>>> print(open('start.csv').read())   # CSV, C-alpha atoms
chain,number,residue,atom,x,y,z
J,1,MET,CA,-2.9,10.6,15.1
J,2,ILE,CA,-4.8,8.9,18.0
J,3,VAL,CA,-8.1,9.7,16.3
J,4,CYS,CA,-7.0,8.0,13.1
J,5,SER,CA,-5.8,4.9,15.1
J,6,LEU,CA,-9.2,4.7,16.8
J,7,ILE,CA,-11.0,4.9,13.5
J,8,ILE,CA,-8.9,2.1,12.0
J,9,VAL,CA,-9.5,0.0,15.2
J,10,SER,CA,-13.2,0.5,14.9
J,11,LEU,CA,-13.0,-0.6,11.2
J,12,ASN,CA,-11.5,-3.9,12.4
J,13,SER,CA,-14.9,-5.2,13.4
J,14,ILE,CA,-16.2,-4.9,9.8
J,15,SER,CA,-15.5,-8.0,7.7
J,16,VAL,CA,-15.0,-7.7,3.9
J,17,GLU,CA,-14.1,-10.1,1.1
J,18,VAL,CA,-11.1,-9.3,-0.9
J,19,ASP,CA,-11.2,-10.9,-4.4
J,20,LEU,CA,-7.7,-11.5,-5.9
J,21,LEU,CA,-8.2,-13.1,-9.3
J,22,PHE,CA,-8.7,-16.8,-8.3
J,23,LEU,CA,-8.5,-16.3,-4.6
J,24,THR,CA,-11.1,-14.8,-2.2
J,25,ILE,CA,-10.0,-13.8,1.2
J,26,GLN,CA,-12.3,-12.9,4.1
J,27,GLU,CA,-10.5,-10.1,6.1
J,28,ASN,CA,-11.1,-7.2,8.5
J,29,LEU,CA,-11.5,-3.8,6.8
J,30,GLY,CA,-8.9,-2.2,9.0
J,31,ARG,CA,-6.2,-4.7,8.1
J,32,VAL,CA,-7.1,-4.3,4.4
J,33,ILE,CA,-6.7,-0.6,4.6
J,34,LEU,CA,-3.4,-0.9,6.5
J,35,PHE,CA,-1.9,-3.4,4.0
J,36,SER,CA,-2.9,-1.4,1.0
J,37,PHE,CA,-1.4,1.7,2.5
J,38,LEU,CA,1.9,-0.1,3.3
J,39,ILE,CA,2.1,-1.6,-0.2
J,40,GLY,CA,1.5,1.8,-1.7
J,41,ILE,CA,4.3,3.3,0.3
J,42,GLY,CA,6.6,0.4,-0.7
J,43,VAL,CA,5.8,0.9,-4.4
J,44,ALA,CA,6.4,4.6,-4.1
J,45,LEU,CA,9.7,4.2,-2.3
J,46,VAL,CA,11.0,1.7,-4.9
J,47,SER,CA,10.0,3.8,-7.8
J,48,GLU,CA,11.6,6.9,-6.3
J,49,ALA,CA,14.8,5.0,-5.6
J,50,LEU,CA,14.9,3.7,-9.2
J,51,TYR,CA,14.3,7.2,-10.5
J,52,PHE,CA,17.1,8.8,-8.4
J,53,LEU,CA,19.5,6.0,-9.3
J,54,ASN,CA,18.7,6.5,-13.0
J,55,LYS,CA,19.1,10.3,-12.6
J,56,LYS,CA,22.4,9.9,-10.8
J,57,SER,CA,23.9,7.7,-13.6
J,58,GLY,CA,23.2,10.5,-16.1
J,59,ARG,CA,20.9,8.6,-18.4
J,60,LYS,CA,17.6,10.0,-19.6
J,61,ILE,CA,14.5,8.0,-18.6
J,62,SER,CA,13.1,8.0,-22.1
J,63,GLU,CA,16.1,6.2,-23.5
>>> encode(input="start.csv", output="C-alpha cells")
Amino acid sequence: MIVCSLIIVSLNSISVEVDLLFLTIQENLGRVILFSFLIGIGVALVSEALYFLNKKSGRKISE
C-alpha cells in the first residue's frame, strides 16, 4: 500500500494534457490516474446497485 502511494506521488511530477472533446486540461499524471480510478469505482457501484435493485424487484434485465 505504501509503495503504491509512493509511486503515485512520484507520478505527480509528470505533467500530461487531457483532451476532453472541446477542452484540453494540463494536469499531473498522478491526479489523472486517481480521478479515473475513482470514477471507475463510482460507475461500477452505480451499475451494481441498479442490477441488484432490478433483480430484487423480480423483473428480468432483458425486458
>>> closest_residue(input="start.csv", among="J:Tyr51, J:Val46, J:Val32, J:Val3", to="Glu17 (chain J)", atoms="all atoms listed in the file")
J:Val32
>>> atom_distance(input="start.csv", atom1="CA of Val9 (chain J)", atom2="CA of Phe22 (chain J)")
28.9 Å
>>> atom_distance(input="start.csv", atom1="CA of Ile41 (chain J)", atom2="CA of Leu21 (chain J)")
22.7 Å
>>> residues_around(input="start.csv", residues="Gln26 (chain J)", least_positions_apart="5", cutoff="8 Å", atoms="all atoms listed in the file", output="compact mmCIF listing (two decimals) with C-alpha atoms, keeping the file's coordinate frame")
# COMPACT_ATOMS: atom_id res chain seq x y z
CA SER J 15 -15.50 -8.00 7.70
CA VAL J 16 -15.00 -7.70 3.90
CA GLU J 17 -14.10 -10.10 1.10
CA VAL J 18 -11.10 -9.30 -0.90
>>> residues_around(input="start.csv", residues="Leu11 (chain J)", least_positions_apart="2", cutoff="10 Å", atoms="all atoms listed in the file", output="list in words")
Ser5, Leu6, Ile7, Ile8, Val9, Ser13, Ile14, Ser15, Asn28, Leu29, Gly30, Arg31, Val32 and Ile33 of chain J
>>> atom_distance(input="start.csv", atom1="CA of Ser57 (chain J)", atom2="CA of Ala44 (chain J)")
20.2 Å
>>> decode(input="start.csv", residues="region 6-47 of chain J", atoms="N, CA and C atoms", output="compact mmCIF listing (two decimals), in the first residue's frame")
# COMPACT_ATOMS: atom_id res chain seq x y z
N LEU J 6 3.65 5.80 -2.88
CA LEU J 6 4.88 6.47 -3.29
C LEU J 6 5.01 6.54 -4.81
N ILE J 7 4.55 5.50 -5.49
CA ILE J 7 4.60 5.50 -6.96
C ILE J 7 3.68 6.59 -7.51
N ILE J 8 2.48 6.71 -6.95
CA ILE J 8 1.54 7.73 -7.42
C ILE J 8 2.06 9.12 -7.11
N VAL J 9 2.68 9.31 -5.95
CA VAL J 9 3.26 10.60 -5.60
C VAL J 9 4.39 10.95 -6.56
N SER J 10 5.19 9.97 -6.94
CA SER J 10 6.27 10.24 -7.89
C SER J 10 5.72 10.57 -9.28
N LEU J 11 4.54 10.07 -9.61
CA LEU J 11 3.93 10.39 -10.90
C LEU J 11 3.36 11.81 -10.91
N ASN J 12 3.19 12.41 -9.74
CA ASN J 12 2.63 13.76 -9.67
C ASN J 12 3.54 14.79 -10.32
N SER J 13 4.81 14.50 -10.46
CA SER J 13 5.72 15.47 -11.08
C SER J 13 5.62 15.45 -12.60
N ILE J 14 5.01 14.43 -13.18
CA ILE J 14 4.85 14.32 -14.63
C ILE J 14 3.57 15.04 -15.04
N SER J 15 3.69 15.96 -15.98
CA SER J 15 2.54 16.72 -16.44
C SER J 15 2.03 16.15 -17.76
N VAL J 16 0.72 15.97 -17.86
CA VAL J 16 0.11 15.45 -19.09
C VAL J 16 -1.05 16.35 -19.50
N GLU J 17 -1.40 16.28 -20.77
CA GLU J 17 -2.57 17.01 -21.28
C GLU J 17 -3.71 16.02 -21.45
N VAL J 18 -4.86 16.35 -20.87
CA VAL J 18 -6.05 15.53 -21.00
C VAL J 18 -6.98 16.23 -21.98
N ASP J 19 -7.31 15.57 -23.08
CA ASP J 19 -8.14 16.15 -24.12
C ASP J 19 -9.57 15.63 -23.97
N LEU J 20 -10.49 16.50 -23.59
CA LEU J 20 -11.89 16.13 -23.40
C LEU J 20 -12.73 16.88 -24.44
N LEU J 21 -12.92 16.27 -25.58
CA LEU J 21 -13.69 16.81 -26.69
C LEU J 21 -13.24 18.22 -27.07
N PHE J 22 -13.84 19.25 -26.49
CA PHE J 22 -13.50 20.63 -26.85
C PHE J 22 -12.63 21.30 -25.80
N LEU J 23 -12.21 20.58 -24.80
CA LEU J 23 -11.47 21.15 -23.68
C LEU J 23 -10.17 20.39 -23.48
N THR J 24 -9.07 21.11 -23.34
CA THR J 24 -7.78 20.50 -23.06
C THR J 24 -7.31 20.97 -21.70
N ILE J 25 -6.99 20.01 -20.83
CA ILE J 25 -6.59 20.33 -19.46
C ILE J 25 -5.17 19.84 -19.24
N GLN J 26 -4.32 20.71 -18.69
CA GLN J 26 -2.97 20.32 -18.30
C GLN J 26 -3.02 19.90 -16.84
N GLU J 27 -2.68 18.64 -16.56
CA GLU J 27 -2.85 18.09 -15.20
C GLU J 27 -1.69 17.15 -14.88
N ASN J 28 -1.50 16.89 -13.60
CA ASN J 28 -0.48 15.93 -13.16
C ASN J 28 -0.97 14.51 -13.40
N LEU J 29 -0.04 13.62 -13.75
CA LEU J 29 -0.40 12.24 -14.09
C LEU J 29 -0.98 11.50 -12.89
N GLY J 30 -0.45 11.73 -11.71
CA GLY J 30 -0.97 11.07 -10.51
C GLY J 30 -2.43 11.41 -10.25
N ARG J 31 -2.79 12.68 -10.44
CA ARG J 31 -4.17 13.11 -10.22
C ARG J 31 -5.10 12.53 -11.29
N VAL J 32 -4.64 12.44 -12.52
CA VAL J 32 -5.44 11.85 -13.60
C VAL J 32 -5.72 10.37 -13.30
N ILE J 33 -4.71 9.65 -12.85
CA ILE J 33 -4.89 8.24 -12.51
C ILE J 33 -5.85 8.08 -11.35
N LEU J 34 -5.71 8.91 -10.33
CA LEU J 34 -6.59 8.84 -9.16
C LEU J 34 -8.04 9.13 -9.53
N PHE J 35 -8.28 10.19 -10.30
CA PHE J 35 -9.66 10.53 -10.68
C PHE J 35 -10.28 9.47 -11.58
N SER J 36 -9.51 8.92 -12.52
CA SER J 36 -10.08 7.89 -13.39
C SER J 36 -10.41 6.62 -12.60
N PHE J 37 -9.59 6.30 -11.61
CA PHE J 37 -9.87 5.15 -10.73
C PHE J 37 -11.15 5.39 -9.93
N LEU J 38 -11.29 6.58 -9.35
CA LEU J 38 -12.47 6.89 -8.54
C LEU J 38 -13.74 6.93 -9.39
N ILE J 39 -13.66 7.46 -10.59
CA ILE J 39 -14.82 7.49 -11.49
C ILE J 39 -15.20 6.06 -11.88
N GLY J 40 -14.22 5.20 -12.14
CA GLY J 40 -14.49 3.80 -12.47
C GLY J 40 -15.17 3.07 -11.33
N ILE J 41 -14.72 3.31 -10.10
CA ILE J 41 -15.36 2.69 -8.94
C ILE J 41 -16.79 3.20 -8.80
N GLY J 42 -17.00 4.50 -9.02
CA GLY J 42 -18.35 5.06 -8.93
C GLY J 42 -19.30 4.45 -9.96
N VAL J 43 -18.84 4.31 -11.18
CA VAL J 43 -19.67 3.72 -12.24
C VAL J 43 -19.99 2.26 -11.91
N ALA J 44 -19.00 1.53 -11.40
CA ALA J 44 -19.23 0.13 -11.04
C ALA J 44 -20.24 0.00 -9.90
N LEU J 45 -20.13 0.87 -8.90
CA LEU J 45 -21.07 0.82 -7.77
C LEU J 45 -22.49 1.15 -8.19
N VAL J 46 -22.64 2.15 -9.05
CA VAL J 46 -23.98 2.53 -9.52
C VAL J 46 -24.58 1.41 -10.36
N SER J 47 -23.78 0.81 -11.25
CA SER J 47 -24.33 -0.26 -12.09
C SER J 47 -24.67 -1.50 -11.25
